[in-house]
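Accompanying notes for the structure given below.
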Amino acid sequence: MNAKRLIINADDLGMSRGITDGILIAHRYGILTSASLMVNMPASEYAVDRLASTPKLGVGIHLNICQGRPILSASQVPSLVNSEGRFHSPKEMIHRLWRWRINPQQLEKEFRAQIRWAKDIGLRLTHADSHHHMHIYPAALVPFARALLAEGISRARASRCVQWAQKQFLGGPHEGGIARRLFVQAYRATLQSSFFHQLECPSRRISFLSRDRRNPEELERAWLNTLEHFHYGTFELACHPGLPQPGFSESDTICQQRENEFRWLTDADFRSVIIRNGIQLITYRDLCERHAVCDSVVSSLTHRHLANVRHR
């Protein structure tokens, strides 16, 4: 593709009012093009009420199985919740997904319930991803793909990651030693080409080293370096902008990162870098150049999938 296309997507829309306000302002006055909504959070309805002010913002679903309570009753999804009826913590949920200690039918039902919550309230979802990337762990792969097909969602976040930095690391921007990084890189590439091949995805998601994410100055340089050396193709930059909110931000482990990213997204210098390098800012709607054809294919896949389910 002889074009540089970038989706700048904010996760955690609806998690809090401060995060929601930061996302919407970063879109209206900055370079943010897309956001992913959490539907089981305290500010979910607050977020939906304010989306009317940002009609050009692409809004997808941020499927969440590791924070708060499920949309379904705890009795319907017992493998996903603890004794208090709340989702297991991210660490515990990852442990269970790796070891197949989650019921896949319950997981698919909860994914679909969250998608339907957003659809029933009137949203036309552009894409799907998940909180803490839970959908890429083994026990969640099939439930995620089946839920999206059944609910008519055709686009999803890329599983593959890429990093553009002055110093490249074998195996990409993943944690651990070389062997682990190579394994994770191969695993994610396989997901995108096999489990999620029927979904429209960006080529890759831009990622950064954890040490850079912990250092605001390094992370800002990494953002700028990425935009200055942008490649041809379609990519997503996932981010977490937000504004502080008393009573919430004190316990938010990435509160400062949210404020920093909000500042960068609304900084005229960042917009200038994008313009100078000929980067087209798009949403997930733009992944298919011919939307009608794309939606027709997804509809066909959905009906075929449901027919297969009925005949089992």
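By order in the structure tokens, chains are A, B, ...; within a chain, residues start at 1; ligands start at 1, following the order shown.
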Do a neighbour search on range 218-220 of chain A at 9 Å with only C-alpha atoms, toss out local chain neighbours closer than 5 positions, and write the hits as a ChimeraX atom specification.
-> /A:208-209,211-213,225,260-261,264
Contacts of Gln280 in chain A within 7 Å, only C-alpha atoms, excl. fewer than 4 positions in-chain, as a VMD selection string = chain A and resid 4 to 6
Emit the selected residues as a PDB file, in the first residue's frame, including C-alpha atoms.
ATOM      1  CA  LYS A   4       0.719   5.818   5.478  1.00  0.00           C
ATOM      2  CA  ARG A   5      -2.457   5.272   7.499  1.00  0.00           C
ATOM      3  CA  LEU A   6      -2.786   5.455  11.265  1.00  0.00           C
TER       4      LEU A   6
END
Test item: residues at most 12 Å from range 41-57 of chain A, only C-alpha atoms, excluding those fewer than 6 positions along its chain, as a PyMOL selection string | chain A and resi 7-10+12-35+63-71+114+117-126+131+245+248+281-286
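Residues of range 36-283 of chain A that DSSP, applied to the backbone, places in strand (DSSP E): A:Ser36, A:Leu37, A:Gly58, A:Val59, A:Gly60, A:Ile61, A:His62, A:Leu63, A:Ala128, A:Asp129, A:Ser130, A:Cys161, A:Val162, A:Arg204, A:Arg205, A:Ile206, A:Gly233, A:Thr234, A:Phe235, A:Glu236, A:Leu237, A:Ala238, A:Cys239, A:Ile279, A:Gln280, A:Leu281, A:Ile282.
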Resulting file, chosen residues, N, CA and C atoms, as an mmCIF file, in the first residue's frame:
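Result file is part-v1.cif:
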data_model
loop_
_atom_site.group_PDB
_atom_site.id
_atom_site.type_symbol
_atom_site.label_atom_id
_atom_site.label_comp_id
_atom_site.auth_asym_id
_atom_site.auth_seq_id
_atom_site.Cartn_x
_atom_site.Cartn_y
_atom_site.Cartn_z
ATOM 1 N N SER A 36 -12.321 2.858 22.341
ATOM 2 C CA SER A 36 -12.943 1.572 22.660
ATOM 3 C C SER A 36 -13.673 1.690 23.987
ATOM 4 N N LEU A 37 -14.968 1.396 23.974
ATOM 5 C CA LEU A 37 -15.857 1.606 25.112
ATOM 6 C C LEU A 37 -15.926 0.386 26.022
ATOM 7 N N GLY A 58 -14.566 7.205 15.819
ATOM 8 C CA GLY A 58 -14.875 5.791 15.669
ATOM 9 C C GLY A 58 -14.953 5.143 17.042
ATOM 10 N N VAL A 59 -16.033 4.422 17.308
ATOM 11 C CA VAL A 59 -16.232 3.824 18.632
ATOM 12 C C VAL A 59 -16.380 2.314 18.500
ATOM 13 N N GLY A 60 -15.495 1.595 19.171
ATOM 14 C CA GLY A 60 -15.567 0.145 19.214
ATOM 15 C C GLY A 60 -15.843 -0.328 20.623
ATOM 16 N N ILE A 61 -15.762 -1.637 20.819
ATOM 17 C CA ILE A 61 -16.024 -2.242 22.126
ATOM 18 C C ILE A 61 -14.715 -2.716 22.750
ATOM 19 N N HIS A 62 -14.515 -2.356 24.013
ATOM 20 C CA HIS A 62 -13.334 -2.774 24.771
ATOM 21 C C HIS A 62 -13.791 -3.895 25.704
ATOM 22 N N LEU A 63 -13.827 -5.108 25.184
ATOM 23 C CA LEU A 63 -14.353 -6.234 25.943
ATOM 24 C C LEU A 63 -13.543 -6.438 27.223
ATOM 25 N N ALA A 128 -13.512 -4.212 17.619
ATOM 26 C CA ALA A 128 -13.444 -4.810 18.954
ATOM 27 C C ALA A 128 -11.996 -5.031 19.356
ATOM 28 N N ASP A 129 -11.741 -4.867 20.647
ATOM 29 C CA ASP A 129 -10.469 -5.264 21.255
ATOM 30 C C ASP A 129 -10.792 -5.653 22.688
ATOM 31 N N SER A 130 -9.824 -5.748 23.562
ATOM 32 C CA SER A 130 -10.143 -6.178 24.920
ATOM 33 C C SER A 130 -9.213 -5.534 25.942
ATOM 34 N N CYS A 161 2.538 -6.935 16.742
ATOM 35 C CA CYS A 161 3.065 -5.653 17.212
ATOM 36 C C CYS A 161 4.314 -5.276 16.429
ATOM 37 N N VAL A 162 4.565 -3.982 16.362
ATOM 38 C CA VAL A 162 5.765 -3.484 15.711
ATOM 39 C C VAL A 162 6.309 -2.321 16.515
ATOM 40 N N ARG A 204 -0.397 -3.937 11.825
ATOM 41 C CA ARG A 204 0.212 -4.172 13.133
ATOM 42 C C ARG A 204 -0.215 -3.082 14.109
ATOM 43 N N ARG A 205 -0.076 -3.403 15.392
ATOM 44 C CA ARG A 205 -0.267 -2.397 16.435
ATOM 45 C C ARG A 205 1.104 -1.892 16.871
ATOM 46 N N ILE A 206 1.278 -0.589 16.889
ATOM 47 C CA ILE A 206 2.539 0.003 17.320
ATOM 48 C C ILE A 206 2.680 -0.165 18.831
ATOM 49 N N GLY A 233 1.631 1.627 5.014
ATOM 50 C CA GLY A 233 0.734 0.592 5.487
ATOM 51 C C GLY A 233 -0.275 1.176 6.461
ATOM 52 N N THR A 234 -1.059 0.302 7.085
ATOM 53 C CA THR A 234 -2.094 0.717 8.036
ATOM 54 C C THR A 234 -1.758 0.159 9.411
ATOM 55 N N PHE A 235 -1.651 1.043 10.388
ATOM 56 C CA PHE A 235 -1.239 0.666 11.734
ATOM 57 C C PHE A 235 -2.168 1.297 12.765
ATOM 58 N N GLU A 236 -2.118 0.743 13.975
ATOM 59 C CA GLU A 236 -2.859 1.331 15.085
ATOM 60 C C GLU A 236 -1.894 1.715 16.199
ATOM 61 N N LEU A 237 -2.094 2.903 16.740
ATOM 62 C CA LEU A 237 -1.407 3.324 17.952
ATOM 63 C C LEU A 237 -2.447 3.334 19.062
ATOM 64 N N ALA A 238 -2.380 2.353 19.948
ATOM 65 C CA ALA A 238 -3.308 2.277 21.071
ATOM 66 C C ALA A 238 -2.761 3.117 22.219
ATOM 67 N N CYS A 239 -3.630 3.898 22.838
ATOM 68 C CA CYS A 239 -3.180 4.796 23.904
ATOM 69 C C CYS A 239 -4.227 4.868 25.006
ATOM 70 N N ILE A 279 1.023 11.365 6.978
ATOM 71 C CA ILE A 279 0.283 10.280 7.631
ATOM 72 C C ILE A 279 -1.213 10.598 7.598
ATOM 73 N N GLN A 280 -1.998 9.672 7.095
ATOM 74 C CA GLN A 280 -3.447 9.819 7.066
ATOM 75 C C GLN A 280 -4.034 9.270 8.361
ATOM 76 N N LEU A 281 -4.761 10.093 9.084
ATOM 77 C CA LEU A 281 -5.418 9.643 10.304
ATOM 78 C C LEU A 281 -6.783 9.073 9.944
ATOM 79 N N ILE A 282 -7.032 7.828 10.328
ATOM 80 C CA ILE A 282 -8.262 7.144 9.953
ATOM 81 C C ILE A 282 -8.889 6.483 11.173
#
For CA of Glu110 in chain A and CA of Val81 in chain A, the interatomic separation in Å (one decimal) = 11.4 Å
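When CA of Arg180 in chain A is paired with CA of Lys91 in chain A, their separation reads 18.4 Å.
You will find CA of Arg258 in chain A at 21.2 Å from CA of Ser89 in chain A.
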Write out as a PDB file with N, CA and C atoms, in the first residue's frame the residues lying within 12 Å of range 186-197 of chain A, counting only C-alpha atoms and excluding same-chain residues fewer than 4 positions away.
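So the final result, stored in around-v6.pdb, reads:
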ATOM      1  N   ALA A 128     -13.512  -4.212  17.619  1.00  0.00           N
ATOM      2  CA  ALA A 128     -13.444  -4.810  18.954  1.00  0.00           C
ATOM      3  C   ALA A 128     -11.996  -5.031  19.356  1.00  0.00           C
ATOM      4  N   ASP A 129     -11.741  -4.867  20.647  1.00  0.00           N
ATOM      5  CA  ASP A 129     -10.469  -5.264  21.255  1.00  0.00           C
ATOM      6  C   ASP A 129     -10.792  -5.653  22.688  1.00  0.00           C
ATOM      7  N   HIS A 133      -5.756  -6.939  26.722  1.00  0.00           N
ATOM      8  CA  HIS A 133      -5.547  -7.879  25.598  1.00  0.00           C
ATOM      9  C   HIS A 133      -5.927  -9.311  25.975  1.00  0.00           C
ATOM     10  N   HIS A 135      -8.217 -11.169  24.970  1.00  0.00           N
ATOM     11  CA  HIS A 135      -8.731 -12.014  23.892  1.00  0.00           C
ATOM     12  C   HIS A 135      -7.641 -12.794  23.155  1.00  0.00           C
ATOM     13  N   ILE A 136      -6.366 -12.450  23.388  1.00  0.00           N
ATOM     14  CA  ILE A 136      -5.305 -13.155  22.658  1.00  0.00           C
ATOM     15  C   ILE A 136      -4.769 -14.363  23.421  1.00  0.00           C
ATOM     16  N   TYR A 137      -5.289 -14.636  24.624  1.00  0.00           N
ATOM     17  CA  TYR A 137      -4.833 -15.804  25.375  1.00  0.00           C
ATOM     18  C   TYR A 137      -5.602 -17.044  24.922  1.00  0.00           C
ATOM     19  N   PRO A 138      -4.982 -18.230  25.009  1.00  0.00           N
ATOM     20  CA  PRO A 138      -5.515 -19.422  24.347  1.00  0.00           C
ATOM     21  C   PRO A 138      -7.001 -19.703  24.538  1.00  0.00           C
ATOM     22  N   ALA A 139      -7.477 -19.698  25.784  1.00  0.00           N
ATOM     23  CA  ALA A 139      -8.872 -20.074  26.024  1.00  0.00           C
ATOM     24  C   ALA A 139      -9.867 -19.032  25.524  1.00  0.00           C
ATOM     25  N   ALA A 140      -9.398 -17.832  25.188  1.00  0.00           N
ATOM     26  CA  ALA A 140     -10.301 -16.766  24.751  1.00  0.00           C
ATOM     27  C   ALA A 140     -10.359 -16.606  23.237  1.00  0.00           C
ATOM     28  N   LEU A 141      -9.485 -17.265  22.493  1.00  0.00           N
ATOM     29  CA  LEU A 141      -9.373 -17.027  21.056  1.00  0.00           C
ATOM     30  C   LEU A 141     -10.668 -17.339  20.311  1.00  0.00           C
ATOM     31  N   VAL A 142     -11.155 -18.544  20.470  1.00  0.00           N
ATOM     32  CA  VAL A 142     -12.364 -18.946  19.750  1.00  0.00           C
ATOM     33  C   VAL A 142     -13.594 -18.190  20.250  1.00  0.00           C
ATOM     34  N   PRO A 143     -13.799 -18.043  21.571  1.00  0.00           N
ATOM     35  CA  PRO A 143     -14.954 -17.253  22.023  1.00  0.00           C
ATOM     36  C   PRO A 143     -14.956 -15.825  21.485  1.00  0.00           C
ATOM     37  N   PHE A 144     -13.798 -15.204  21.409  1.00  0.00           N
ATOM     38  CA  PHE A 144     -13.710 -13.842  20.886  1.00  0.00           C
ATOM     39  C   PHE A 144     -14.127 -13.803  19.417  1.00  0.00           C
ATOM     40  N   ALA A 145     -13.534 -14.658  18.598  1.00  0.00           N
ATOM     41  CA  ALA A 145     -13.851 -14.658  17.171  1.00  0.00           C
ATOM     42  C   ALA A 145     -15.308 -15.019  16.931  1.00  0.00           C
ATOM     43  N   ARG A 146     -15.829 -16.007  17.634  1.00  0.00           N
ATOM     44  CA  ARG A 146     -17.221 -16.418  17.460  1.00  0.00           C
ATOM     45  C   ARG A 146     -18.179 -15.305  17.878  1.00  0.00           C
ATOM     46  N   ALA A 147     -17.876 -14.624  18.977  1.00  0.00           N
ATOM     47  CA  ALA A 147     -18.757 -13.546  19.441  1.00  0.00           C
ATOM     48  C   ALA A 147     -18.812 -12.411  18.425  1.00  0.00           C
ATOM     49  N   LEU A 148     -17.669 -12.050  17.868  1.00  0.00           N
ATOM     50  CA  LEU A 148     -17.649 -10.963  16.892  1.00  0.00           C
ATOM     51  C   LEU A 148     -18.417 -11.338  15.634  1.00  0.00           C
ATOM     52  N   LEU A 149     -18.200 -12.545  15.126  1.00  0.00           N
ATOM     53  CA  LEU A 149     -18.910 -12.974  13.926  1.00  0.00           C
ATOM     54  C   LEU A 149     -20.411 -13.023  14.170  1.00  0.00           C
ATOM     55  N   SER A 154     -16.857  -6.720  12.222  1.00  0.00           N
ATOM     56  CA  SER A 154     -15.944  -7.213  11.187  1.00  0.00           C
ATOM     57  C   SER A 154     -14.490  -6.813  11.385  1.00  0.00           C
ATOM     58  N   ARG A 155     -14.209  -5.933  12.356  1.00  0.00           N
ATOM     59  CA  ARG A 155     -12.861  -5.386  12.479  1.00  0.00           C
ATOM     60  C   ARG A 155     -12.366  -5.536  13.917  1.00  0.00           C
ATOM     61  N   ALA A 156     -11.085  -5.791  14.049  1.00  0.00           N
ATOM     62  CA  ALA A 156     -10.511  -6.008  15.378  1.00  0.00           C
ATOM     63  C   ALA A 156      -9.082  -5.492  15.421  1.00  0.00           C
ATOM     64  N   ARG A 157      -8.604  -5.296  16.616  1.00  0.00           N
ATOM     65  CA  ARG A 157      -7.228  -4.849  16.829  1.00  0.00           C
ATOM     66  C   ARG A 157      -6.236  -5.895  16.318  1.00  0.00           C
ATOM     67  N   ALA A 158      -5.138  -5.412  15.757  1.00  0.00           N
ATOM     68  CA  ALA A 158      -4.093  -6.316  15.276  1.00  0.00           C
ATOM     69  C   ALA A 158      -3.447  -7.048  16.446  1.00  0.00           C
ATOM     70  N   SER A 159      -3.194  -8.335  16.247  1.00  0.00           N
ATOM     71  CA  SER A 159      -2.469  -9.106  17.258  1.00  0.00           C
ATOM     72  C   SER A 159      -0.972  -8.863  17.154  1.00  0.00           C
ATOM     73  N   ARG A 160      -0.489  -8.654  15.939  1.00  0.00           N
ATOM     74  CA  ARG A 160       0.949  -8.439  15.722  1.00  0.00           C
ATOM     75  C   ARG A 160       1.349  -7.047  16.181  1.00  0.00           C
ATOM     76  N   CYS A 161       2.538  -6.935  16.742  1.00  0.00           N
ATOM     77  CA  CYS A 161       3.065  -5.653  17.212  1.00  0.00           C
ATOM     78  C   CYS A 161       4.314  -5.276  16.429  1.00  0.00           C
ATOM     79  N   VAL A 162       4.565  -3.982  16.362  1.00  0.00           N
ATOM     80  CA  VAL A 162       5.765  -3.484  15.711  1.00  0.00           C
ATOM     81  C   VAL A 162       6.309  -2.321  16.515  1.00  0.00           C
ATOM     82  N   LEU A 170      15.595  -7.987  18.713  1.00  0.00           N
ATOM     83  CA  LEU A 170      15.184  -9.233  18.093  1.00  0.00           C
ATOM     84  C   LEU A 170      13.961  -9.771  18.826  1.00  0.00           C
ATOM     85  N   GLY A 171      12.914 -10.054  18.066  1.00  0.00           N
ATOM     86  CA  GLY A 171      11.681 -10.530  18.688  1.00  0.00           C
ATOM     87  C   GLY A 171      10.698  -9.431  18.984  1.00  0.00           C
ATOM     88  N   GLY A 172      11.046  -8.191  18.643  1.00  0.00           N
ATOM     89  CA  GLY A 172      10.085  -7.099  18.792  1.00  0.00           C
ATOM     90  C   GLY A 172       9.999  -6.539  20.201  1.00  0.00           C
ATOM     91  N   HIS A 174       8.545  -6.987  22.984  1.00  0.00           N
ATOM     92  CA  HIS A 174       7.903  -7.803  23.999  1.00  0.00           C
ATOM     93  C   HIS A 174       8.815  -7.967  25.215  1.00  0.00           C
ATOM     94  N   ALA A 179      14.441 -15.629  23.613  1.00  0.00           N
ATOM     95  CA  ALA A 179      13.596 -16.790  23.319  1.00  0.00           C
ATOM     96  C   ALA A 179      12.123 -16.459  23.546  1.00  0.00           C
ATOM     97  N   ARG A 180      11.834 -15.793  24.668  1.00  0.00           N
ATOM     98  CA  ARG A 180      10.438 -15.450  24.940  1.00  0.00           C
ATOM     99  C   ARG A 180       9.913 -14.452  23.926  1.00  0.00           C
ATOM    100  N   ARG A 181      10.724 -13.448  23.581  1.00  0.00           N
ATOM    101  CA  ARG A 181      10.264 -12.440  22.616  1.00  0.00           C
ATOM    102  C   ARG A 181       9.980 -13.065  21.257  1.00  0.00           C
ATOM    103  N   LEU A 182      10.836 -13.980  20.825  1.00  0.00           N
ATOM    104  CA  LEU A 182      10.610 -14.651  19.550  1.00  0.00           C
ATOM    105  C   LEU A 182       9.344 -15.498  19.587  1.00  0.00           C
ATOM    106  N   CYS A 201      -8.137  -6.331  10.123  1.00  0.00           N
ATOM    107  CA  CYS A 201      -7.270  -5.761  11.154  1.00  0.00           C
ATOM    108  C   CYS A 201      -6.241  -4.832  10.516  1.00  0.00           C
ATOM    109  N   PRO A 202      -5.732  -3.870  11.268  1.00  0.00           N
ATOM    110  CA  PRO A 202      -4.558  -3.143  10.783  1.00  0.00           C
ATOM    111  C   PRO A 202      -3.407  -4.124  10.585  1.00  0.00           C
ATOM    112  N   SER A 203      -2.391  -3.701   9.856  1.00  0.00           N
ATOM    113  CA  SER A 203      -1.245  -4.576   9.651  1.00  0.00           C
ATOM    114  C   SER A 203      -0.595  -4.945  10.973  1.00  0.00           C
ATOM    115  N   ARG A 204      -0.397  -3.937  11.825  1.00  0.00           N
ATOM    116  CA  ARG A 204       0.212  -4.172  13.133  1.00  0.00           C
ATOM    117  C   ARG A 204      -0.215  -3.082  14.109  1.00  0.00           C
ATOM    118  N   ARG A 205      -0.076  -3.403  15.392  1.00  0.00           N
ATOM    119  CA  ARG A 205      -0.267  -2.397  16.435  1.00  0.00           C
ATOM    120  C   ARG A 205       1.104  -1.892  16.871  1.00  0.00           C
ATOM    121  N   VAL A 298     -18.855  -9.898   5.795  1.00  0.00           N
ATOM    122  CA  VAL A 298     -19.025 -10.213   7.213  1.00  0.00           C
ATOM    123  C   VAL A 298     -20.396 -10.810   7.459  1.00  0.00           C
ATOM    124  N   LEU A 301     -20.345 -14.357   6.338  1.00  0.00           N
ATOM    125  CA  LEU A 301     -19.602 -15.187   7.291  1.00  0.00           C
ATOM    126  C   LEU A 301     -20.435 -15.451   8.546  1.00  0.00           C
TER     127      LEU A 301
END
Could you write out, as a PyMOL selection string, all the residues of range 29-143 of chain A that DSSP marks as alpha helix (DSSP H)?
-> chain A and resi 44-50+90-98+104-120+141-143
Please provide the set of residues having any atom within 12 Å of Gln256 in chain A, restricted to only C-alpha atoms, with same-chain residues fewer than 2 positions apart removed, written as a VMD selection string.
-> chain A and resid 19 213 to 216 240 to 245 249 to 254 258 to 263
Please write the residues from the selection above to a file, keeping N, CA and C atoms, as a compact mmCIF listing (two decimals), in the first residue's frame.
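Contents of again.txt, as written:
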# COMPACT_ATOMS: atom_id res chain seq x y z
N ILE A 19 -11.39 10.03 32.46
CA ILE A 19 -10.84 9.37 31.28
C ILE A 19 -11.72 9.64 30.06
N ARG A 213 7.68 2.93 28.51
CA ARG A 213 6.35 3.28 29.03
C ARG A 213 6.42 3.78 30.46
N ARG A 214 7.46 3.36 31.19
CA ARG A 214 7.60 3.80 32.58
C ARG A 214 8.31 5.14 32.69
N ASN A 215 8.86 5.64 31.60
CA ASN A 215 9.61 6.89 31.61
C ASN A 215 8.93 7.88 30.68
N PRO A 216 8.28 8.92 31.20
CA PRO A 216 7.52 9.85 30.36
C PRO A 216 8.34 10.48 29.24
N HIS A 240 -3.90 5.58 26.07
CA HIS A 240 -4.77 5.63 27.25
C HIS A 240 -4.85 7.05 27.81
N PRO A 241 -5.32 8.01 27.02
CA PRO A 241 -5.40 9.38 27.53
C PRO A 241 -6.50 9.54 28.57
N GLY A 242 -6.37 10.55 29.38
CA GLY A 242 -7.41 10.82 30.36
C GLY A 242 -7.06 12.05 31.18
N LEU A 243 -8.06 12.56 31.86
CA LEU A 243 -7.88 13.69 32.77
C LEU A 243 -8.06 13.19 34.21
N PRO A 244 -7.40 13.81 35.17
CA PRO A 244 -7.53 13.35 36.57
C PRO A 244 -8.94 13.54 37.09
N GLN A 245 -9.33 12.63 37.96
CA GLN A 245 -10.65 12.69 38.59
C GLN A 245 -10.51 12.33 40.06
N SER A 249 -8.48 8.76 40.34
CA SER A 249 -7.10 8.82 39.85
C SER A 249 -6.08 8.39 40.90
N GLU A 250 -6.43 8.56 42.19
CA GLU A 250 -5.48 8.20 43.24
C GLU A 250 -5.12 6.71 43.21
N SER A 251 -6.04 5.88 42.71
CA SER A 251 -5.79 4.44 42.66
C SER A 251 -5.52 3.95 41.24
N ASP A 252 -5.43 4.86 40.30
CA ASP A 252 -5.18 4.50 38.90
C ASP A 252 -3.67 4.43 38.69
N THR A 253 -3.16 3.22 38.40
CA THR A 253 -1.72 3.03 38.32
C THR A 253 -1.07 3.74 37.14
N ILE A 254 -1.84 4.11 36.12
CA ILE A 254 -1.27 4.82 34.97
C ILE A 254 -1.84 6.23 34.83
N ARG A 258 -1.73 8.70 31.52
CA ARG A 258 -2.94 9.19 30.86
C ARG A 258 -2.84 10.70 30.62
N GLU A 259 -2.40 11.43 31.62
CA GLU A 259 -2.28 12.89 31.47
C GLU A 259 -1.23 13.25 30.42
N ASN A 260 -0.12 12.52 30.42
CA ASN A 260 0.92 12.79 29.42
C ASN A 260 0.41 12.52 28.01
N GLU A 261 -0.26 11.40 27.82
CA GLU A 261 -0.76 11.07 26.48
C GLU A 261 -1.84 12.05 26.04
N PHE A 262 -2.66 12.50 26.95
CA PHE A 262 -3.65 13.54 26.61
C PHE A 262 -2.94 14.79 26.10
N ARG A 263 -1.86 15.15 26.76
CA ARG A 263 -1.11 16.35 26.35
C ARG A 263 -0.50 16.17 24.97
Shortest interatomic distance to Val77 in chain A - which of A:Phe270, A:Phe183, A:Phe111, A:Trp100, counting only C-alpha atoms = A:Phe111
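Across A:Leu97, A:Glu175, A:Pro90, A:Val39, the tightest approach to Arg116 in chain A is made by A:Val39 when counting only C-alpha atoms.
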